[in-house]
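Colleague: Contents are compact mmCIF, C-alpha atoms; file name upload-v8.txt:
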```
# COMPACT_ATOMS: atom_id res chain seq x y z
CA MET A 24 -77.29 60.66 126.31
CA THR A 25 -79.70 57.87 126.97
CA LYS A 26 -80.85 56.81 130.35
CA GLU A 27 -79.13 53.40 130.03
CA LYS A 28 -75.74 55.01 129.24
CA LYS A 29 -76.05 57.36 132.22
CA LEU A 30 -76.89 54.42 134.49
CA ALA A 31 -73.91 52.45 133.15
CA LEU A 32 -71.55 55.42 133.75
CA HIS A 33 -72.81 55.85 137.33
CA PHE A 34 -72.34 52.13 137.97
CA LEU A 35 -68.80 52.29 136.55
CA ALA A 36 -67.94 55.36 138.66
CA VAL A 37 -69.26 53.80 141.88
CA THR A 38 -67.39 50.54 141.15
CA ALA A 39 -64.13 52.44 140.51
CA LEU A 40 -64.60 54.43 143.72
CA VAL A 41 -65.13 51.24 145.77
CA ILE A 42 -62.02 49.63 144.22
CA PHE A 43 -59.88 52.69 145.04
CA ILE A 44 -61.15 52.76 148.63
CA VAL A 45 -60.42 49.03 149.12
CA LEU A 46 -56.91 49.38 147.64
CA GLY A 47 -56.25 52.47 149.77
CA VAL A 48 -57.26 50.72 152.98
CA ALA A 49 -55.23 47.62 152.07
CA SER A 50 -52.06 49.60 151.41
CA THR A 51 -52.03 51.56 154.66
CA SER A 52 -49.61 50.42 157.34
CA THR A 53 -51.08 48.38 160.16
CA PRO A 54 -50.71 49.63 163.73
CA ASN A 55 -48.77 47.63 166.30
CA VAL A 56 -50.79 44.47 166.96
CA LYS A 57 -50.62 42.66 170.29
CA ASN A 58 -52.03 39.21 170.95
CA ASP A 59 -51.85 37.72 174.42
CA PHE A 60 -53.56 34.42 175.25
CA SER A 61 -53.00 31.21 177.21
CA TYR A 62 -53.67 27.56 176.42
CA PRO A 63 -52.80 24.18 177.98
CA GLN A 64 -49.76 22.47 176.48
CA SER A 65 -50.40 18.94 175.27
CA GLY A 66 -47.84 16.21 174.82
CA ILE A 67 -47.31 12.50 174.51
CA SER A 68 -47.26 9.98 177.32
CA ASN A 69 -44.49 7.62 178.29
CA ASN A 70 -45.12 4.41 176.33
CA ALA A 71 -42.29 2.42 177.94
CA ASN A 72 -42.94 -0.39 180.42
CA ILE A 73 -42.49 0.96 183.92
CA ALA A 74 -42.54 -0.71 187.30
CA VAL A 75 -45.61 0.02 189.36
CA LYS A 76 -44.45 1.21 192.74
CA ASP A 77 -46.01 2.39 195.93
CA PHE A 78 -45.18 5.99 196.64
CA LYS A 79 -45.94 8.80 199.00
CA THR A 80 -46.46 12.35 197.90
CA VAL A 81 -43.83 14.87 198.90
CA GLY A 82 -45.30 18.10 197.56
CA ILE A 83 -46.39 20.12 194.57
CA ILE A 84 -43.69 21.52 192.30
CA PHE A 85 -43.95 24.67 190.18
CA VAL A 86 -41.62 25.35 187.24
CA ASN A 87 -41.53 28.43 185.01
CA SER A 88 -39.71 29.17 181.77
CA THR A 89 -39.80 31.79 179.02
CA GLU A 90 -38.97 31.44 175.33
CA VAL A 91 -38.73 34.40 172.92
CA LEU A 92 -38.70 34.07 169.12
CA ASP A 93 -38.69 36.86 166.57
CA SER A 94 -39.05 37.12 162.82
CA THR A 95 -35.33 37.84 162.39
CA GLY A 96 -34.46 34.34 163.63
CA SER A 97 -33.43 35.30 167.17
CA HIS A 98 -34.31 32.68 169.81
CA THR A 99 -33.75 32.88 173.56
CA GLY A 100 -34.95 30.75 176.47
CA SER A 101 -36.53 27.30 176.31
CA LYS A 102 -39.63 25.25 176.94
CA ILE A 103 -40.03 23.46 180.26
CA THR A 104 -37.99 20.27 180.40
CA HIS A 105 -38.28 17.17 182.58
CA GLU A 106 -34.89 18.07 184.04
CA MET A 107 -36.37 21.29 185.48
CA PHE A 108 -39.04 19.25 187.30
CA MET A 109 -36.45 16.74 188.58
CA ARG A 110 -34.19 19.51 189.94
CA GLU A 111 -37.12 20.83 191.98
CA ALA A 112 -38.03 17.27 193.08
CA VAL A 113 -34.51 16.67 194.39
CA LYS A 114 -34.76 19.83 196.50
CA LEU A 115 -37.75 18.20 198.26
CA GLY A 116 -36.04 14.80 198.57
CA ALA A 117 -38.38 13.23 195.99
CA ASP A 118 -37.58 10.46 193.47
CA ASP A 119 -39.88 11.47 190.62
CA VAL A 120 -42.59 13.85 189.42
CA ILE A 121 -46.03 12.72 188.25
CA ASN A 122 -49.20 14.43 186.99
CA ILE A 123 -47.23 17.06 185.10
CA LYS A 124 -49.36 19.79 183.55
CA ILE A 125 -47.96 22.68 181.51
CA ASP A 126 -49.82 25.85 180.57
CA VAL A 127 -48.54 28.20 177.88
CA ASN A 128 -49.12 31.92 177.55
CA GLN A 129 -48.38 33.16 174.03
CA LYS A 130 -47.90 36.88 173.43
CA VAL A 131 -47.35 38.19 169.90
CA ASP A 132 -46.14 41.75 169.28
CA ARG A 133 -45.86 43.19 165.77
CA GLU A 134 -43.97 46.43 165.45
CA THR A 135 -43.74 48.43 162.23
CA LYS A 136 -40.83 50.82 161.85
CA ASN A 137 -40.64 52.61 158.51
CA THR A 138 -41.26 49.77 156.05
CA THR A 139 -39.96 46.93 158.24
CA THR A 140 -42.29 44.82 160.36
CA LYS A 141 -40.83 42.76 163.19
CA THR A 142 -42.84 40.07 164.97
CA VAL A 143 -41.79 39.00 168.47
CA THR A 144 -43.50 35.96 170.00
CA THR A 145 -43.02 35.35 173.72
CA TYR A 146 -44.03 32.00 175.25
CA THR A 147 -44.33 31.87 179.04
CA TYR A 148 -44.56 28.29 180.33
CA THR A 149 -45.93 27.45 183.78
CA GLY A 150 -45.67 23.83 184.88
CA THR A 151 -47.01 21.99 187.91
CA GLY A 152 -46.29 18.47 189.03
CA LEU A 153 -46.58 16.21 192.05
CA ALA A 154 -43.27 15.20 193.63
CA ILE A 155 -43.26 11.61 194.94
CA LYS A 156 -40.97 9.31 196.93
CA TYR A 157 -40.98 5.63 195.83
CA ALA A 158 -41.41 2.58 198.08
CA ASP A 159 -40.90 -1.06 196.87
CA ALA A 160 -41.96 -2.14 193.39
CA ILE A 161 -45.22 -4.11 193.07
CA SER A 162 -45.55 -5.25 189.45
CA GLY A 163 -44.99 -3.92 185.97
CA ILE A 164 -47.41 -2.39 183.55
CA SER A 165 -47.07 -0.18 180.51
CA SER A 166 -48.44 3.31 180.39
CA ASN A 167 -51.69 2.04 178.87
CA GLY A 168 -52.31 -0.21 181.90
CA THR A 169 -51.04 -3.55 180.55
CA SER A 170 -47.64 -5.15 180.20
CA ASN A 171 -48.32 -7.24 177.12
CA ILE A 172 -50.70 -7.50 174.19
CA ASN A 173 -53.11 -9.89 175.97
CA GLY A 174 -53.70 -7.36 178.71
CA ALA A 175 -52.20 -9.62 181.40
CA THR A 176 -50.03 -7.96 184.01
CA THR A 177 -46.55 -9.42 184.33
CA PRO A 178 -44.09 -8.60 187.13
CA ILE A 179 -41.15 -6.62 185.81
CA LEU A 180 -39.21 -6.18 189.02
CA ASP A 181 -39.72 -8.29 192.07
CA SER A 182 -39.15 -6.92 195.57
CA ASN A 183 -36.31 -9.36 196.42
CA LEU A 184 -34.39 -8.19 193.38
CA LEU A 185 -35.05 -4.60 194.36
CA LYS A 186 -33.65 -5.22 197.88
CA ASN A 187 -30.50 -6.75 196.35
CA ILE A 188 -30.08 -3.77 194.06
CA LYS A 189 -30.36 -1.34 196.98
CA LYS A 190 -27.56 -3.16 198.82
```
Would it be possible to restate this file's structure as structure tokens?

Modeller:
Amino acid sequence: MTKEKKLALHFLAVTALVIFIVLGVASTSTPNVKNDFSYPQSGISNNANIAVKDFKTVGIIFVNSTEVLDSTGSHTGSKITHEMFMREAVKLGADDVINIKIDVNQKVDRETKNTTTKTVTTYTYTGTGLAIKYADAISGISSNGTSNINGATTPILDSNLLKNIKK
């Protein structure tokens, strides 16, 4: 046998061995994998025109919620809602909640039993907000700081009207 043929056979044998090792590793079952990390939740802002009002702070509010989803379609719990913040605000005698921030902790568990793999994702939401009590309205602006396209500020609710509404 020539030297070139021997070299070709060795190359073929090593290549076959590497392929079998890669396929063997790929076909083995994976152990239970757990991921657990947190990140800040982002959202959209209120783009409606709102009355600018004086307010005093009442206190900081904390809200927690848990949501569990799995690969079989099961879903329990919920994300944090504005209603949850408002229920806590009412307990303090507040009218509204501002500066809401929500952090999310996401934990993923993968469990393999026999040939079935089940993935369970647990979201733990922690929200904070500032409870406030409104005074009289001053003027109206939109959430981007203006009440119309020109950037001019226009009164939406005047204080006399507000006093009549309160009566």

Colleague: Can you tell me which residues surround Ser88 in chain A at a distance of at most 12 Å, considering all atoms listed in the file, apart from same-chain residues fewer than 5 positions away, and format the answer as a PDB file with C-alpha atoms, in the frame of the given file?

Modeller:
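The resulting file, result.pdb, is reproduced below:
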```
ATOM      1  CA  THR A  99     -33.750  32.880 173.560  1.00  0.00           C
ATOM      2  CA  GLY A 100     -34.950  30.750 176.470  1.00  0.00           C
ATOM      3  CA  SER A 101     -36.530  27.300 176.310  1.00  0.00           C
ATOM      4  CA  LYS A 102     -39.630  25.250 176.940  1.00  0.00           C
ATOM      5  CA  ILE A 103     -40.030  23.460 180.260  1.00  0.00           C
ATOM      6  CA  THR A 104     -37.990  20.270 180.400  1.00  0.00           C
ATOM      7  CA  MET A 107     -36.370  21.290 185.480  1.00  0.00           C
ATOM      8  CA  PHE A 108     -39.040  19.250 187.300  1.00  0.00           C
ATOM      9  CA  ILE A 125     -47.960  22.680 181.510  1.00  0.00           C
ATOM     10  CA  ASP A 126     -49.820  25.850 180.570  1.00  0.00           C
ATOM     11  CA  VAL A 127     -48.540  28.200 177.880  1.00  0.00           C
ATOM     12  CA  ASN A 128     -49.120  31.920 177.550  1.00  0.00           C
ATOM     13  CA  THR A 145     -43.020  35.350 173.720  1.00  0.00           C
ATOM     14  CA  TYR A 146     -44.030  32.000 175.250  1.00  0.00           C
ATOM     15  CA  THR A 147     -44.330  31.870 179.040  1.00  0.00           C
ATOM     16  CA  TYR A 148     -44.560  28.290 180.330  1.00  0.00           C
ATOM     17  CA  THR A 149     -45.930  27.450 183.780  1.00  0.00           C
ATOM     18  CA  GLY A 150     -45.670  23.830 184.880  1.00  0.00           C
ATOM     19  CA  THR A 151     -47.010  21.990 187.910  1.00  0.00           C
TER      20      THR A 151
END
```

Colleague: List the neighbours of range 156-159 of chain A out to 8 Å using only C-alpha atoms; skip same-chain residues closer than 4 positions along the sequence, and give me the result as a VMD selection string.

Modeller: chain A and resid 76 to 81 116 to 119 182 185

Colleague: If you count all atoms listed in the file, which residues fall within 6 Å of Ile83 in chain A, apart from same-chain ones fewer than 2 positions away, as number ranges by chain?

Modeller: A: 152-154

Colleague: Write to file, as a short mmCIF file (atom, residue, chain, number, x, y, z; two decimals), keeping the file's coordinate frame, the residues of the selection just made, with C-alpha atoms.

Modeller:
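Saved as selection11.cif:
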```cif
data_model
loop_
_atom_site.label_atom_id
_atom_site.label_comp_id
_atom_site.auth_asym_id
_atom_site.auth_seq_id
_atom_site.Cartn_x
_atom_site.Cartn_y
_atom_site.Cartn_z
CA GLY A 152 -46.29 18.47 189.03
CA LEU A 153 -46.58 16.21 192.05
CA ALA A 154 -43.27 15.20 193.63
#
```

Colleague: I'd like the interatomic distance between CA of Ala39 in chain A and CA of Lys26 in chain A, to a tenth of an Å.

Modeller: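 If I compute the distance from CA of Ala39 in chain A to CA of Lys26 in chain A, I get 20.0 Å.
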
Colleague: Provide the CA of Val45 in chain A to CA of Val131 in chain A distance in Å, to one decimal place.

Modeller: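 Distance reported for this atom pair: 26.8 Å.
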
Colleague: Suppose you want the space between CA of Ile84 in chain A and CA of Thr144 in chain A; what is it in Å?

Modeller: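 Computed distance, CA of Ile84 in chain A to CA of Thr144 in chain A, equals 26.6 Å.
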
Colleague: Using all atoms listed in the file, can you tell me which of A:Gly82, A:Leu35, A:His98, A:Leu30 comes closest to Val113 in chain A?

Modeller: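 When distances to Val113 in chain A are compared using all atoms listed in the file, the smallest one comes from A:Gly82.
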
Colleague: Taking into account only C-alpha atoms, which residue in the set A:Val37, A:Ile42, A:Leu92, A:Ala112 is nearest to Lys130 in chain A?

Modeller: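 Answer, going by the shortest atom-to-atom distance: A:Leu92.
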
Colleague: I'd like to know which of A:Asn87, A:Thr95, A:Phe34, A:Val75 is closest to Thr140 in chain A, using all atoms listed in the file.

Modeller: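 Distance minimum relative to Thr140 in chain A lands on A:Thr95.
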